[in-house]
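What follows is the content of upload-v8.cif, which has mmCIF, C-alpha atoms and all ligand atoms:
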```cif
data_final
loop_
_atom_site.label_atom_id
_atom_site.label_comp_id
_atom_site.auth_asym_id
_atom_site.auth_seq_id
_atom_site.Cartn_x
_atom_site.Cartn_y
_atom_site.Cartn_z
CA MET A 1 0.00 0.00 0.00
CA ALA A 2 1.34 3.45 -0.90
CA THR A 3 2.28 5.57 2.06
CA GLY A 4 2.25 9.35 2.08
CA PRO A 5 1.33 12.28 4.24
CA VAL A 6 -1.53 11.48 6.60
CA GLU A 7 -4.70 13.44 5.90
CA ASP A 8 -5.71 15.75 8.75
CA PRO A 9 -9.51 15.68 8.99
CA ASP A 10 -9.44 18.85 11.11
CA HIS A 11 -7.52 20.88 8.53
CA ILE A 12 -9.16 24.19 7.67
CA PRO A 13 -7.60 25.75 4.57
CA GLY A 14 -6.00 29.17 4.76
CA LEU A 15 -5.51 29.58 8.51
CA THR A 16 -2.57 31.75 9.56
CA PRO A 17 0.06 30.40 11.99
CA GLU A 18 -1.45 32.69 14.67
CA GLN A 19 -4.90 31.22 14.10
CA GLU A 20 -3.52 27.65 14.23
CA ALA A 21 -1.72 28.50 17.49
CA LEU A 22 -4.83 30.01 19.09
CA ARG A 23 -6.83 26.97 18.01
CA ALA A 24 -4.34 24.65 19.72
CA VAL A 25 -4.36 26.73 22.92
CA VAL A 26 -8.17 26.73 23.13
CA ARG A 27 -8.34 23.01 22.30
CA ASP A 28 -6.01 22.26 25.18
CA PHE A 29 -7.90 24.61 27.53
CA ALA A 30 -11.26 23.06 26.59
CA GLU A 31 -9.99 19.52 27.14
CA ARG A 32 -8.46 20.36 30.52
CA GLU A 33 -10.75 23.01 31.99
CA VAL A 34 -14.15 22.44 30.35
CA ALA A 35 -14.63 18.79 29.34
CA PRO A 36 -14.25 17.31 32.85
CA HIS A 37 -16.86 19.68 34.35
CA ALA A 38 -19.42 20.23 31.60
CA GLY A 39 -21.75 17.45 32.73
CA GLU A 40 -21.79 18.72 36.32
CA TRP A 41 -22.38 22.34 35.30
CA ASP A 42 -25.30 21.14 33.18
CA ARG A 43 -26.83 19.02 35.95
CA THR A 44 -26.59 21.80 38.52
CA GLY A 45 -27.31 24.72 36.16
CA THR A 46 -24.08 26.38 37.24
CA PHE A 47 -22.66 29.36 35.37
CA PRO A 48 -18.92 28.57 35.67
CA LEU A 49 -17.59 31.97 36.65
CA ALA A 50 -14.03 30.82 37.45
CA THR A 51 -13.73 29.20 34.01
CA VAL A 52 -15.13 32.31 32.31
CA ARG A 53 -12.53 34.38 34.16
CA ALA A 54 -9.82 31.96 33.03
CA MET A 55 -11.03 32.41 29.44
CA GLY A 56 -10.71 36.14 30.00
CA GLU A 57 -7.13 35.70 31.16
CA LEU A 58 -6.43 33.68 28.01
CA GLY A 59 -7.64 36.68 26.01
CA LEU A 60 -10.64 34.94 24.43
CA PHE A 61 -13.11 37.75 25.14
CA GLY A 62 -10.84 40.21 23.34
CA ILE A 63 -10.13 38.13 20.22
CA PRO A 64 -11.64 40.38 17.51
CA PHE A 65 -10.99 43.78 19.14
CA PRO A 66 -8.05 46.16 18.65
CA GLU A 67 -5.15 45.94 21.06
CA GLU A 68 -5.63 49.56 22.14
CA TYR A 69 -8.79 48.44 24.01
CA GLY A 70 -7.10 45.36 25.48
CA GLY A 71 -8.16 43.11 22.60
CA GLN A 72 -6.10 40.59 20.63
CA GLY A 73 -6.39 42.31 17.25
CA GLY A 74 -7.84 39.12 15.72
CA ASP A 75 -10.86 38.57 13.51
CA LEU A 76 -14.13 36.64 13.19
CA THR A 77 -12.35 33.54 11.83
CA THR A 78 -10.21 33.36 14.98
CA LEU A 79 -13.25 33.85 17.21
CA CYS A 80 -15.05 31.03 15.35
CA LEU A 81 -12.09 28.70 15.91
CA ALA A 82 -12.25 29.36 19.66
CA ILE A 83 -16.03 28.89 19.75
CA GLU A 84 -15.82 25.59 17.85
CA GLU A 85 -13.19 24.25 20.25
CA LEU A 86 -15.25 25.14 23.32
CA ALA A 87 -18.50 23.84 21.80
CA ARG A 88 -16.83 20.50 21.11
CA HIS A 89 -17.18 19.93 24.86
CA ASP A 90 -19.79 22.40 26.11
CA GLN A 91 -22.20 24.55 24.14
CA SER A 92 -23.06 26.61 27.23
CA ILE A 93 -19.52 27.89 27.66
CA ALA A 94 -19.25 28.46 23.91
CA ILE A 95 -22.41 30.60 23.82
CA THR A 96 -21.16 32.54 26.85
CA LEU A 97 -18.12 33.52 24.77
CA SER A 98 -20.02 34.01 21.53
CA ALA A 99 -22.69 36.23 23.10
CA GLY A 100 -20.21 38.10 25.31
CA VAL A 101 -17.98 39.01 22.38
CA GLY A 102 -20.28 39.23 19.38
CA LEU A 103 -23.50 40.50 20.92
CA GLY A 104 -22.20 42.16 24.08
CA ALA A 105 -18.94 43.95 23.32
CA GLY A 106 -19.33 43.87 19.52
CA PRO A 107 -21.95 46.66 19.21
CA ILE A 108 -19.93 48.92 21.53
CA HIS A 109 -16.86 48.43 19.37
CA ARG A 110 -18.72 48.83 16.07
CA PHE A 111 -21.04 51.70 16.89
CA GLY A 112 -19.62 53.30 20.03
CA THR A 113 -17.86 56.63 20.26
CA GLU A 114 -14.19 56.64 21.20
CA GLU A 115 -15.20 57.57 24.73
CA GLN A 116 -17.73 54.72 24.98
CA ARG A 117 -15.13 52.24 23.70
CA GLN A 118 -12.54 53.45 26.21
CA ARG A 119 -15.05 53.24 29.02
CA TRP A 120 -16.41 49.73 28.50
CA LEU A 121 -14.21 47.67 26.18
CA PRO A 122 -11.08 47.09 28.31
CA ASP A 123 -12.99 45.22 31.06
CA LEU A 124 -15.08 43.34 28.48
CA CYS A 125 -12.00 42.29 26.48
CA ALA A 126 -10.32 41.03 29.66
CA GLY A 127 -13.39 39.03 30.73
CA ARG A 128 -13.56 41.08 33.94
CA SER A 129 -17.08 42.00 32.91
CA LEU A 130 -19.72 40.76 30.47
CA ALA A 131 -22.12 42.70 28.26
CA ALA A 132 -25.51 41.42 27.10
CA PHE A 133 -27.64 42.19 24.05
CA GLY A 134 -31.25 43.17 24.66
CA LEU A 135 -33.23 42.96 21.45
CA THR A 136 -35.86 40.23 21.95
CA GLU A 137 -39.10 40.99 23.83
CA PRO A 138 -42.10 38.89 24.78
CA ASP A 139 -43.95 40.29 21.73
CA GLY A 140 -41.02 40.87 19.40
CA GLY A 141 -38.60 38.07 18.49
CA SER A 142 -38.30 37.22 14.80
CA ASP A 143 -40.26 40.41 14.17
CA ALA A 144 -37.67 42.64 15.84
CA GLY A 145 -39.35 45.76 14.45
CA ALA A 146 -42.32 45.04 16.75
CA ILE A 147 -40.43 45.77 19.98
CA ARG A 148 -42.32 47.93 22.47
CA THR A 149 -39.64 49.10 24.89
CA ARG A 150 -39.71 52.89 24.78
CA ALA A 151 -37.07 55.49 25.45
CA VAL A 152 -38.27 59.05 26.05
CA ARG A 153 -35.92 62.01 26.32
CA ASP A 154 -36.20 64.12 29.46
CA GLU A 155 -35.74 67.59 27.96
CA GLU A 156 -34.72 69.10 31.30
CA THR A 157 -31.86 66.73 32.14
CA GLY A 158 -31.05 65.42 28.66
CA GLU A 159 -31.37 61.88 30.02
CA TRP A 160 -33.26 59.06 28.32
CA VAL A 161 -35.92 57.19 30.29
CA LEU A 162 -36.49 53.57 29.30
CA ASP A 163 -39.51 51.39 30.02
CA GLY A 164 -40.14 47.89 28.72
CA GLU A 165 -39.43 44.21 28.95
CA LYS A 166 -36.76 42.07 27.31
CA ALA A 167 -36.88 38.28 27.02
CA PHE A 168 -34.27 35.51 26.86
CA ILE A 169 -31.21 37.74 27.34
CA THR A 170 -27.94 35.77 27.48
CA ASN A 171 -25.28 36.83 30.04
CA SER A 172 -27.66 39.38 31.59
CA GLY A 173 -27.57 38.13 35.18
CA THR A 174 -24.05 36.95 35.91
CA GLU A 175 -21.97 38.33 38.78
CA ILE A 176 -19.78 40.15 36.26
CA THR A 177 -22.47 41.49 33.91
CA SER A 178 -21.86 45.23 33.58
CA VAL A 179 -24.07 46.54 30.77
CA ILE A 180 -26.93 45.52 28.47
CA THR A 181 -27.25 47.05 25.03
CA VAL A 182 -30.95 47.71 24.76
CA ALA A 183 -32.97 48.39 21.61
CA ALA A 184 -35.82 50.81 22.32
CA ARG A 185 -38.39 52.77 20.35
CA THR A 186 -37.59 56.50 20.38
CA ALA A 187 -40.28 57.70 17.93
CA PRO A 188 -42.85 56.04 15.65
CA GLY A 189 -40.86 53.89 13.23
CA GLU A 190 -37.60 54.78 14.97
CA ILE A 191 -35.51 52.40 17.11
CA SER A 192 -32.34 53.45 18.92
CA ALA A 193 -29.73 51.53 20.90
CA PHE A 194 -28.70 52.36 24.49
CA VAL A 195 -25.96 51.06 26.74
CA VAL A 196 -27.69 50.40 30.07
CA PRO A 197 -25.51 49.60 33.11
CA VAL A 198 -27.23 46.79 35.00
CA ASP A 199 -26.88 48.60 38.33
CA THR A 200 -29.02 51.51 37.11
CA PRO A 201 -32.13 51.97 39.31
CA GLY A 202 -35.17 50.44 37.57
CA VAL A 203 -33.26 47.56 35.90
CA GLU A 204 -34.64 44.30 37.22
CA ILE A 205 -33.05 41.00 36.19
CA GLN A 206 -35.70 38.26 36.36
CA PRO A 207 -34.99 34.81 37.83
CA PRO A 208 -33.15 32.46 35.45
CA TYR A 209 -35.25 30.44 33.00
CA ARG A 210 -35.46 26.68 33.40
CA LYS A 211 -34.23 25.54 29.99
CA LEU A 212 -34.18 22.36 27.89
CA GLY A 213 -30.48 22.88 27.22
CA TRP A 214 -27.64 25.41 27.52
CA ARG A 215 -28.21 25.07 31.26
CA ALA A 216 -24.82 26.42 32.26
CA SER A 217 -25.42 29.54 30.19
CA ASP A 218 -26.98 32.56 31.91
CA THR A 219 -30.39 33.60 30.50
CA HIS A 220 -32.94 35.99 32.04
CA GLY A 221 -35.79 38.27 31.24
CA VAL A 222 -35.02 41.91 31.99
CA THR A 223 -37.57 44.51 33.10
CA LEU A 224 -36.86 48.23 32.64
CA SER A 225 -38.97 50.61 34.74
CA GLY A 226 -38.20 54.31 34.47
CA VAL A 227 -34.52 53.54 33.82
CA ARG A 228 -32.57 56.79 33.34
CA VAL A 229 -29.39 56.82 31.27
CA PRO A 230 -27.36 59.89 30.27
CA ALA A 231 -27.34 61.12 26.67
CA ASP A 232 -23.84 59.72 26.16
CA HIS A 233 -25.22 56.18 26.59
CA VAL A 234 -26.94 56.28 23.17
CA LEU A 235 -25.06 53.81 20.96
CA GLY A 236 -24.59 54.83 17.34
CA ALA A 237 -26.79 57.22 15.43
CA PRO A 238 -30.17 57.83 17.10
CA GLY A 239 -32.94 56.14 15.14
CA ARG A 240 -30.54 53.68 13.51
CA GLY A 241 -30.67 51.11 16.31
CA LEU A 242 -32.56 48.38 14.49
CA GLY A 243 -30.27 48.35 11.46
CA ALA A 244 -27.28 48.30 13.78
CA PHE A 245 -28.65 45.40 15.83
CA LEU A 246 -29.54 43.40 12.74
CA SER A 247 -26.07 43.84 11.27
CA VAL A 248 -24.58 42.61 14.56
CA LEU A 249 -26.65 39.47 14.11
CA ASP A 250 -24.95 38.70 10.77
CA GLU A 251 -21.68 38.15 12.62
CA GLY A 252 -23.46 36.36 15.45
CA ARG A 253 -24.92 33.89 12.97
CA VAL A 254 -21.46 32.88 11.76
CA ALA A 255 -20.43 32.37 15.38
CA ILE A 256 -23.50 30.18 15.99
CA ALA A 257 -22.56 28.15 12.90
CA ALA A 258 -19.11 27.61 14.46
CA LEU A 259 -20.80 26.50 17.67
CA ALA A 260 -22.89 24.03 15.65
CA ALA A 261 -19.72 22.71 13.97
CA GLY A 262 -18.25 22.03 17.42
CA CYS A 263 -21.41 20.13 18.33
CA ILE A 264 -21.20 18.01 15.17
CA ARG A 265 -17.53 17.28 15.92
CA ALA A 266 -18.50 16.04 19.38
CA CYS A 267 -21.16 13.79 17.85
CA LEU A 268 -18.69 12.43 15.28
CA GLU A 269 -15.79 11.79 17.64
CA ASP A 270 -17.93 10.30 20.41
CA SER A 271 -19.83 8.10 17.94
CA VAL A 272 -16.71 6.76 16.22
CA ALA A 273 -15.18 5.94 19.60
CA TYR A 274 -18.34 4.21 20.79
CA ALA A 275 -18.80 2.33 17.50
CA GLY A 276 -15.33 0.88 17.93
CA GLN A 277 -15.65 -0.08 21.56
CA ARG A 278 -19.26 -1.26 21.95
CA HIS A 279 -19.78 -4.89 20.98
CA ALA A 280 -23.03 -6.54 19.91
CA PHE A 281 -23.44 -9.92 18.23
CA GLY A 282 -19.76 -10.64 18.88
CA ARG A 283 -18.26 -7.66 17.04
CA PRO A 284 -18.00 -3.90 17.33
CA ILE A 285 -21.24 -2.18 16.36
CA GLY A 286 -19.14 -0.10 13.91
CA ALA A 287 -18.63 -3.28 11.84
CA ASN A 288 -22.24 -2.86 10.73
CA GLN A 289 -22.63 -0.65 7.69
CA ALA A 290 -25.70 1.01 9.22
CA VAL A 291 -23.57 2.34 12.07
CA ALA A 292 -20.40 2.98 10.05
CA PHE A 293 -22.29 4.88 7.35
CA ALA A 294 -24.01 6.99 9.98
CA CYS A 295 -20.53 7.99 11.20
CA SER A 296 -19.52 8.77 7.61
CA ASP A 297 -22.52 11.06 7.30
CA LEU A 298 -21.48 12.85 10.51
CA ALA A 299 -18.02 13.45 8.99
CA VAL A 300 -19.64 14.93 5.88
CA ALA A 301 -21.90 17.14 8.01
CA LEU A 302 -18.88 18.42 9.96
CA ASP A 303 -16.95 19.28 6.81
CA GLY A 304 -20.00 21.02 5.32
CA ALA A 305 -20.67 23.03 8.47
CA ARG A 306 -17.03 24.03 8.81
CA MET A 307 -16.52 25.03 5.20
CA LEU A 308 -19.63 27.23 5.19
CA THR A 309 -18.75 28.74 8.57
CA TYR A 310 -15.17 29.64 7.73
CA ARG A 311 -16.15 30.86 4.26
CA ALA A 312 -18.61 33.30 5.80
CA ALA A 313 -16.09 34.37 8.44
CA ARG A 314 -13.43 34.94 5.80
CA LEU A 315 -15.77 37.06 3.68
CA ARG A 316 -16.45 39.18 6.76
CA ASP A 317 -12.75 39.44 7.61
CA GLU A 318 -11.95 40.53 4.04
CA GLY A 319 -14.54 43.28 4.33
CA ARG A 320 -16.81 41.73 1.68
CA PRO A 321 -20.61 41.44 1.89
CA PHE A 322 -21.47 38.27 3.81
CA ARG A 323 -25.12 38.44 4.93
CA ARG A 324 -26.21 35.58 2.69
CA ALA A 325 -23.13 33.48 3.46
CA ALA A 326 -23.81 33.97 7.18
CA ALA A 327 -27.44 32.89 6.83
CA VAL A 328 -26.46 29.88 4.69
CA ALA A 329 -23.82 28.82 7.23
CA LYS A 330 -26.14 29.25 10.19
CA LEU A 331 -29.03 27.43 8.54
CA TYR A 332 -26.96 24.49 7.28
CA ALA A 333 -24.73 24.04 10.33
CA THR A 334 -27.47 24.29 12.95
CA GLU A 335 -29.88 21.94 11.19
CA ALA A 336 -26.98 19.53 10.60
CA ALA A 337 -26.08 19.77 14.31
CA VAL A 338 -29.60 18.90 15.44
CA ALA A 339 -29.61 15.91 13.06
CA ALA A 340 -26.11 14.91 14.23
CA THR A 341 -27.19 14.76 17.88
CA ARG A 342 -30.08 12.48 16.89
CA THR A 343 -27.70 10.19 15.00
CA ALA A 344 -25.11 10.15 17.80
CA THR A 345 -27.74 9.36 20.42
CA GLN A 346 -29.01 6.48 18.28
CA ILE A 347 -25.49 5.08 17.89
CA HIS A 348 -25.08 5.17 21.68
CA GLY A 349 -28.28 3.15 22.20
CA GLY A 350 -29.73 3.29 25.73
CA ALA A 351 -26.53 4.88 27.05
CA GLY A 352 -27.21 7.84 24.74
CA PHE A 353 -30.37 8.58 26.71
CA MET A 354 -28.54 8.73 30.04
CA ASP A 355 -27.41 11.99 31.56
CA ASP A 356 -23.86 10.73 32.13
CA THR A 357 -23.27 10.35 28.40
CA PRO A 358 -22.27 13.66 26.80
CA VAL A 359 -24.35 13.03 23.66
CA ALA A 360 -27.50 13.20 25.79
CA ARG A 361 -26.50 16.75 26.76
CA HIS A 362 -25.57 17.64 23.17
CA TYR A 363 -29.03 16.40 22.09
CA ARG A 364 -30.78 18.79 24.48
CA ASP A 365 -28.38 21.65 23.82
CA ALA A 366 -28.55 21.56 20.03
CA LYS A 367 -32.21 22.49 19.51
CA VAL A 368 -31.79 26.15 20.41
CA LEU A 369 -29.20 26.53 17.64
CA GLU A 370 -32.12 26.52 15.17
CA ILE A 371 -33.84 29.30 17.16
CA GLY A 372 -31.39 31.86 18.60
CA GLU A 373 -30.00 34.75 16.52
CA GLY A 374 -32.69 34.18 13.93
CA THR A 375 -34.67 30.99 13.53
CA SER A 376 -34.17 28.64 10.58
CA GLU A 377 -37.22 30.23 8.99
CA VAL A 378 -35.68 33.69 9.35
CA GLN A 379 -32.46 32.42 7.70
CA ARG A 380 -34.54 31.11 4.80
CA LEU A 381 -36.22 34.53 4.56
CA VAL A 382 -32.83 36.29 4.47
CA ILE A 383 -31.54 33.91 1.80
CA ALA A 384 -34.73 34.14 -0.28
CA ARG A 385 -34.49 37.94 -0.25
CA THR A 386 -30.90 37.80 -1.51
CA LEU A 387 -32.25 35.64 -4.34
CA GLY A 388 -34.50 38.56 -5.27
CA LEU A 389 -37.70 36.87 -4.17
CA PRO A 390 -40.45 39.17 -2.86
CA VAL A 391 -40.96 37.41 0.49
C1 LIG A 401 -31.40 30.35 25.13
C2 LIG A 401 -31.74 31.60 24.37
C3 LIG A 401 -30.87 32.68 24.41
C4 LIG A 401 -31.20 33.88 23.75
N1 LIG A 401 -30.38 34.98 23.87
C5 LIG A 401 -30.79 36.17 23.37
C6 LIG A 401 -30.04 37.37 23.62
O1 LIG A 401 -28.97 37.34 24.24
N2 LIG A 401 -30.53 38.56 23.16
C7 LIG A 401 -31.69 38.65 22.47
O2 LIG A 401 -32.09 39.75 22.08
N3 LIG A 401 -32.42 37.52 22.19
C8 LIG A 401 -32.01 36.29 22.63
N4 LIG A 401 -32.75 35.16 22.39
C9 LIG A 401 -34.00 35.28 21.65
C10 LIG A 401 -33.99 34.63 20.28
O3 LIG A 401 -33.20 35.38 19.39
C11 LIG A 401 -35.46 34.52 19.82
O4 LIG A 401 -36.05 33.51 20.62
C12 LIG A 401 -35.60 34.17 18.36
O5 LIG A 401 -35.19 35.26 17.56
C13 LIG A 401 -37.05 33.81 17.98
O6 LIG A 401 -37.95 34.76 18.46
P1 LIG A 401 -39.26 34.28 19.29
O7 LIG A 401 -38.78 33.37 20.36
O8 LIG A 401 -40.02 35.48 19.66
O9 LIG A 401 -40.08 33.40 18.26
P2 LIG A 401 -41.18 33.97 17.23
O10 LIG A 401 -40.63 35.11 16.49
O11 LIG A 401 -42.46 34.12 17.95
O12 LIG A 401 -41.29 32.73 16.24
C14 LIG A 401 -42.06 31.55 16.54
C15 LIG A 401 -42.01 30.66 15.30
O13 LIG A 401 -42.62 31.34 14.19
C16 LIG A 401 -41.73 31.38 13.10
N5 LIG A 401 -41.91 32.60 12.33
C17 LIG A 401 -42.05 33.87 12.81
N6 LIG A 401 -42.17 34.75 11.80
C18 LIG A 401 -42.09 34.03 10.66
C19 LIG A 401 -42.13 34.34 9.27
N7 LIG A 401 -42.26 35.60 8.84
N8 LIG A 401 -42.02 33.34 8.37
C20 LIG A 401 -41.88 32.06 8.79
N9 LIG A 401 -41.83 31.69 10.07
C21 LIG A 401 -41.92 32.65 10.99
C22 LIG A 401 -40.36 31.33 13.73
O14 LIG A 401 -39.36 30.90 12.79
C23 LIG A 401 -40.59 30.33 14.85
O15 LIG A 401 -40.53 29.02 14.36
C24 LIG A 401 -32.40 33.95 23.00
C25 LIG A 401 -33.24 32.84 22.93
C26 LIG A 401 -32.93 31.68 23.60
C27 LIG A 401 -33.89 30.51 23.52
#
```

As C-alpha cells, please, write out the structure in this file.
Amino acid sequence: MATGPVEDPDHIPGLTPEQEALRAVVRDFAEREVAPHAGEWDRTGTFPLATVRAMGELGLFGIPFPEEYGGQGGDLTTLCLAIEELARHDQSIAITLSAGVGLGAGPIHRFGTEEQRQRWLPDLCAGRSLAAFGLTEPDGGSDAGAIRTRAVRDEETGEWVLDGEKAFITNSGTEITSVITVAARTAPGEISAFVVPVDTPGVEIQPPYRKLGWRASDTHGVTLSGVRVPADHVLGAPGRGLGAFLSVLDEGRVAIAALAAGCIRACLEDSVAYAGQRHAFGRPIGANQAVAFACSDLAVALDGARMLTYRAARLRDEGRPFRRAAAVAKLYATEAAVAATRTATQIHGGAGFMDDTPVARHYRDAKVLEIGEGTSEVQRLVIARTLGLPV
C-alpha cells in the first residue's frame, strides 16, 4: 500500500500560523478546563464563573478587538475557531463567549464613540465584565421591528428614560455582567440603541429560565422601569438602532454556525469511539454498515458546516458582503447539528439517553441553535431575499 502524508480531517484551509496557534491553545484549555466539568455544570445549572474568568485571562473575550482596548487584534475567523473548540465539549460555555464578544462587546466596538469604547471595552476584552444584548421581547422576536420598549428624552436633564421588557437575554444576570445594550423605540418607526448599566435603578433581572439545554449559560428576562441613562449612553446614530442590531446578528450567525460545527464534531468523535468499543453480536457495532455509514454522514456534516462557517467568516474578515453566506452557514450548520445529535444518540443506544453520556446533553443543547440569533425560517427569509424573491 502506498504511504504518504496522513490526511488531517481537522484541517481548515487558509488559517494563519497565529490562528492555528490560538486553536491549539483553546483546544487544550477546553480539554483540561471544560470537558471534565461540563456534565456537572449542566446538571446543577451552574454558570462557571471561574472558568469564564480563566477564558478572560487567556484573552478569548478580546479576540476580535483592537489591542488599544485590550483586545487581541484578531478577527471573526479566529473567534469562530475558539467557539468551535469550546462547543466540542460544552455549548453553554461556547455561547457565553459568543454572546459576550459578538452581541455584548461587539456593538460597543462597532457603533460606540471613542469615549464609549474606552469606558467599556477594556474590562469586556479582559473578561472582567460581560455585556448582554437586549433585542428580543415577549412580543417581538423574529419580528424585531415590533419591539415595544420605549425610550423618552427628558428635555430638562437630557437623560433618556427607558420602560419595557426584554426576554431571553444571554449573560444578563451573571456576577460580572456590567451593561446591556438595549434596543428601544424613540419615535414612531424609529428604534435606537442604548448602553444600560445593570446597576441603574429600575433595571430588574428576572430569575433564570429553566431551559431544555444550555443550562450552564446565563439567561434571564429583563424589566426596565423608568430607567434613566445619560445622553452619552446612546449607541450609534439615534434612530438607527434596528439596522445596527440586525447587522450585529450577521456576525453572530457565523459564530453560531461555528458553535454548531463544534457540536457536530462532538457527535462524530464520540460516535466513532463508541462504534469501535461497543460490541453486539460478537463484534463492534461499527462493523455494521448502518452504524459505520451513519458515522460517515457525521463526517460529511462536519466538513460542510465548517466550510460554510469559515467561508462566511473569511468574507467578513476581508470586508466583503457576507449576509447571505452567514445565513447559509447558520441554517446548514445548525440543522446539521440537530440531526447529528439524533444520529449520535441512536449510535449510543440506551446509554445515549442517560445523563452521564455527553451526547444526551448535546441532544438537548442543540435544539436552540435553530432558534437563537434568527430561527431557521428567518435564515430562509434572508436567503430568499438575496435571491431577489419578494418574500
Ligand atoms: C437560550 C436563548 C438565548 C437567547 N439569547 C438572546 C439574547 O442574548 N438577546 C436577544 O435579544 N435575544 C435572545 N434570544 C432570543 C432569540 O433570538 C429569539 O427567541 C428568536 O429570535 C425567535 O424569536 P421568538 O422566540 O419570539 O419566536 P417567534 O418570532 O415568535 O417565532 C415563533 C415561530 O414562528 C416562526 N416565524 C415567525 N415569523 C415568521 C415568518 N415571517 N415566516 C416564517 N416563520 C416565521 C419562527 O421561525 C418560529 O418558528 C435567546 C433565545 C434563547 C432561547

Can you build me a table of chain A residues sitting at most 7 Å from ligand LIG 401 (chain A), with the closest atom pair per residue and its distance in Å to one decimal, using all atoms listed in the file, sorted by chain and residue number, as CSV?
```
residue,atom,partner,partner_atom,distance
A:Ala99,CA,A:LIG401,O1,6.5
A:Ala132,CA,A:LIG401,O1,6.1
A:Phe133,CA,A:LIG401,N2,4.7
A:Gly134,CA,A:LIG401,O2,4.4
A:Leu135,CA,A:LIG401,O2,3.5
A:Thr136,CA,A:LIG401,O2,3.8
A:Glu137,CA,A:LIG401,O8,7.0
A:Pro138,CA,A:LIG401,O8,6.5
A:Asp139,CA,A:LIG401,O8,6.5
A:Gly140,CA,A:LIG401,O8,5.5
A:Gly141,CA,A:LIG401,O8,3.2
A:Ser142,CA,A:LIG401,O10,3.6
A:Asp143,CA,A:LIG401,O10,5.8
A:Ala167,CA,A:LIG401,N3,6.6
A:Phe168,CA,A:LIG401,C24,4.6
A:Ile169,CA,A:LIG401,O1,3.8
A:Thr170,CA,A:LIG401,O1,3.7
A:Asn171,CA,A:LIG401,O1,6.9
A:Trp214,CA,A:LIG401,C1,6.7
A:Thr219,CA,A:LIG401,C3,6.2
A:Val368,CA,A:LIG401,C27,5.8
A:Ile371,CA,A:LIG401,C12,5.3
A:Gly372,CA,A:LIG401,O3,4.0
A:Glu373,CA,A:LIG401,O3,4.3
A:Gly374,CA,A:LIG401,O5,4.5
A:Thr375,CA,A:LIG401,O14,4.7
A:Ser376,CA,A:LIG401,O14,6.1
A:Glu377,CA,A:LIG401,O14,4.4
A:Val378,CA,A:LIG401,O14,5.8
```

Enclose segment 36-41 of chain A, meaning all of its atoms listed in the file, in a box aligned along x, y and z, pad it by 5 Å on each side, and list the centre and edge lengths in Å to one decimal, as JSON.
```
{"center_x": -18.3, "center_y": 19.8, "center_z": 34.0, "size_x": 18.1, "size_y": 15.0, "size_z": 14.7}
```

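Atom CA of Leu259 of chain A lies 27.8 Å from atom CA of Val196 of chain A.
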
Residue nearest Ala126 of chain A - candidates A:Asp317, A:Glu204, A:Asp42, A:Glu67, atoms counted: all atoms listed in the file: A:Glu67

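Closest approach to Arg265 of chain A among A:Asp10, A:Glu165, A:Glu57, A:Glu175 is made by A:Asp10 (distances from only C-alpha atoms).
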
Please report as a Markdown table every residue of segment 47-122 of chain A lying within 12 Å of segment 244-251 of chain A, along with the nearest atom pair and their distance in Å (one decimal), using only C-alpha atoms.
```
| residue | atom | partner | partner_atom | distance |
| --- | --- | --- | --- | --- |
| A:Pro64 | CA | A:Glu251 | CA | 11.4 |
| A:Asp75 | CA | A:Glu251 | CA | 10.9 |
| A:Leu76 | CA | A:Glu251 | CA | 7.7 |
| A:Thr77 | CA | A:Glu251 | CA | 10.4 |
| A:Leu79 | CA | A:Glu251 | CA | 10.5 |
| A:Cys80 | CA | A:Glu251 | CA | 10.1 |
| A:Ser98 | CA | A:Glu251 | CA | 10.0 |
| A:Ala99 | CA | A:Leu249 | CA | 10.3 |
| A:Val101 | CA | A:Glu251 | CA | 10.5 |
| A:Gly102 | CA | A:Glu251 | CA | 7.0 |
| A:Leu103 | CA | A:Val248 | CA | 6.8 |
| A:Gly104 | CA | A:Val248 | CA | 9.8 |
| A:Ala105 | CA | A:Val248 | CA | 10.5 |
| A:Gly106 | CA | A:Val248 | CA | 7.3 |
| A:Pro107 | CA | A:Val248 | CA | 6.7 |
| A:Ile108 | CA | A:Val248 | CA | 10.5 |
| A:His109 | CA | A:Val248 | CA | 10.8 |
| A:Arg110 | CA | A:Val248 | CA | 8.7 |
| A:Phe111 | CA | A:Ala244 | CA | 7.8 |
| A:Gly112 | CA | A:Ala244 | CA | 11.1 |
```

One-decimal distance in Å that lies between atom CA of Gln19 of chain A and atom CA of Ala266 of chain A: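 These atoms are spaced 21.1 Å apart.
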
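Residue nearest Ala299 of chain A within the list A:Val222, A:Trp41, A:Val25, A:Pro9: A:Pro9 [criterion: smallest interatomic distance, all atoms listed in the file].
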
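Of the listed residues A:Thr343, A:Ser172, A:Thr46, A:Thr78, the one whose atoms come nearest to His220 of chain A is A:Ser172, with distances taken using all atoms listed in the file.
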
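Summary of the local environment: counting only C-alpha atoms, residues at most 10 Å from segment 150-163 of chain A, other than itself and those fewer than 6 positions away along its chain, are A:Val182, A:Ala183, A:Ala184, A:Arg185, A:Thr186, A:Ala187, A:Ile191, A:Ser192, A:Ala193, A:Phe194, A:Val196, A:Gly202, A:Val203, A:Thr223, A:Leu224, A:Ser225, A:Gly226, A:Val227, A:Arg228, A:Val229, A:Pro230, A:Ala231, A:Asp232, A:His233, A:Val234.
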
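Proximity ranking of A:Ala87, A:Leu121, A:Ala313, A:Ile147 relative to Phe61 of chain A places A:Leu121 first, based on all atoms listed in the file.
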
Surrounding residues of segment 344-355 of chain A excluding itself and chain neighbours under 3 positions, 12 Å, all atoms listed in the file, as number ranges by chain: A: 38-40, 42-43, 263-280, 284-286, 288, 290-299, 336-341, 358-364

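Interatomic distance, atom CA of Gln72 of chain A to atom CA of Thr16 of chain A: 14.6 Å.
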
Pick from A:Glu68, A:Gly56, A:Thr357, A:Gly45 nearest to Tyr209 of chain A, counting all atoms listed in the file: A:Gly45

Spatial neighbours of Ala325 of chain A, max dist 8 Å, all atoms listed in the file, sep filter under 3 positions, as a list in words: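 Surrounding residues, per the criterion: Leu308, Arg311, Ala312, Phe322, Val328 and Ala329 of chain A.
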
Residues within 8 Å of (-23.8, 29.6, 14.8), file coords, only C-alpha atoms, listed as number ranges by chain: A: 252-260, 329-330, 333-334, 369
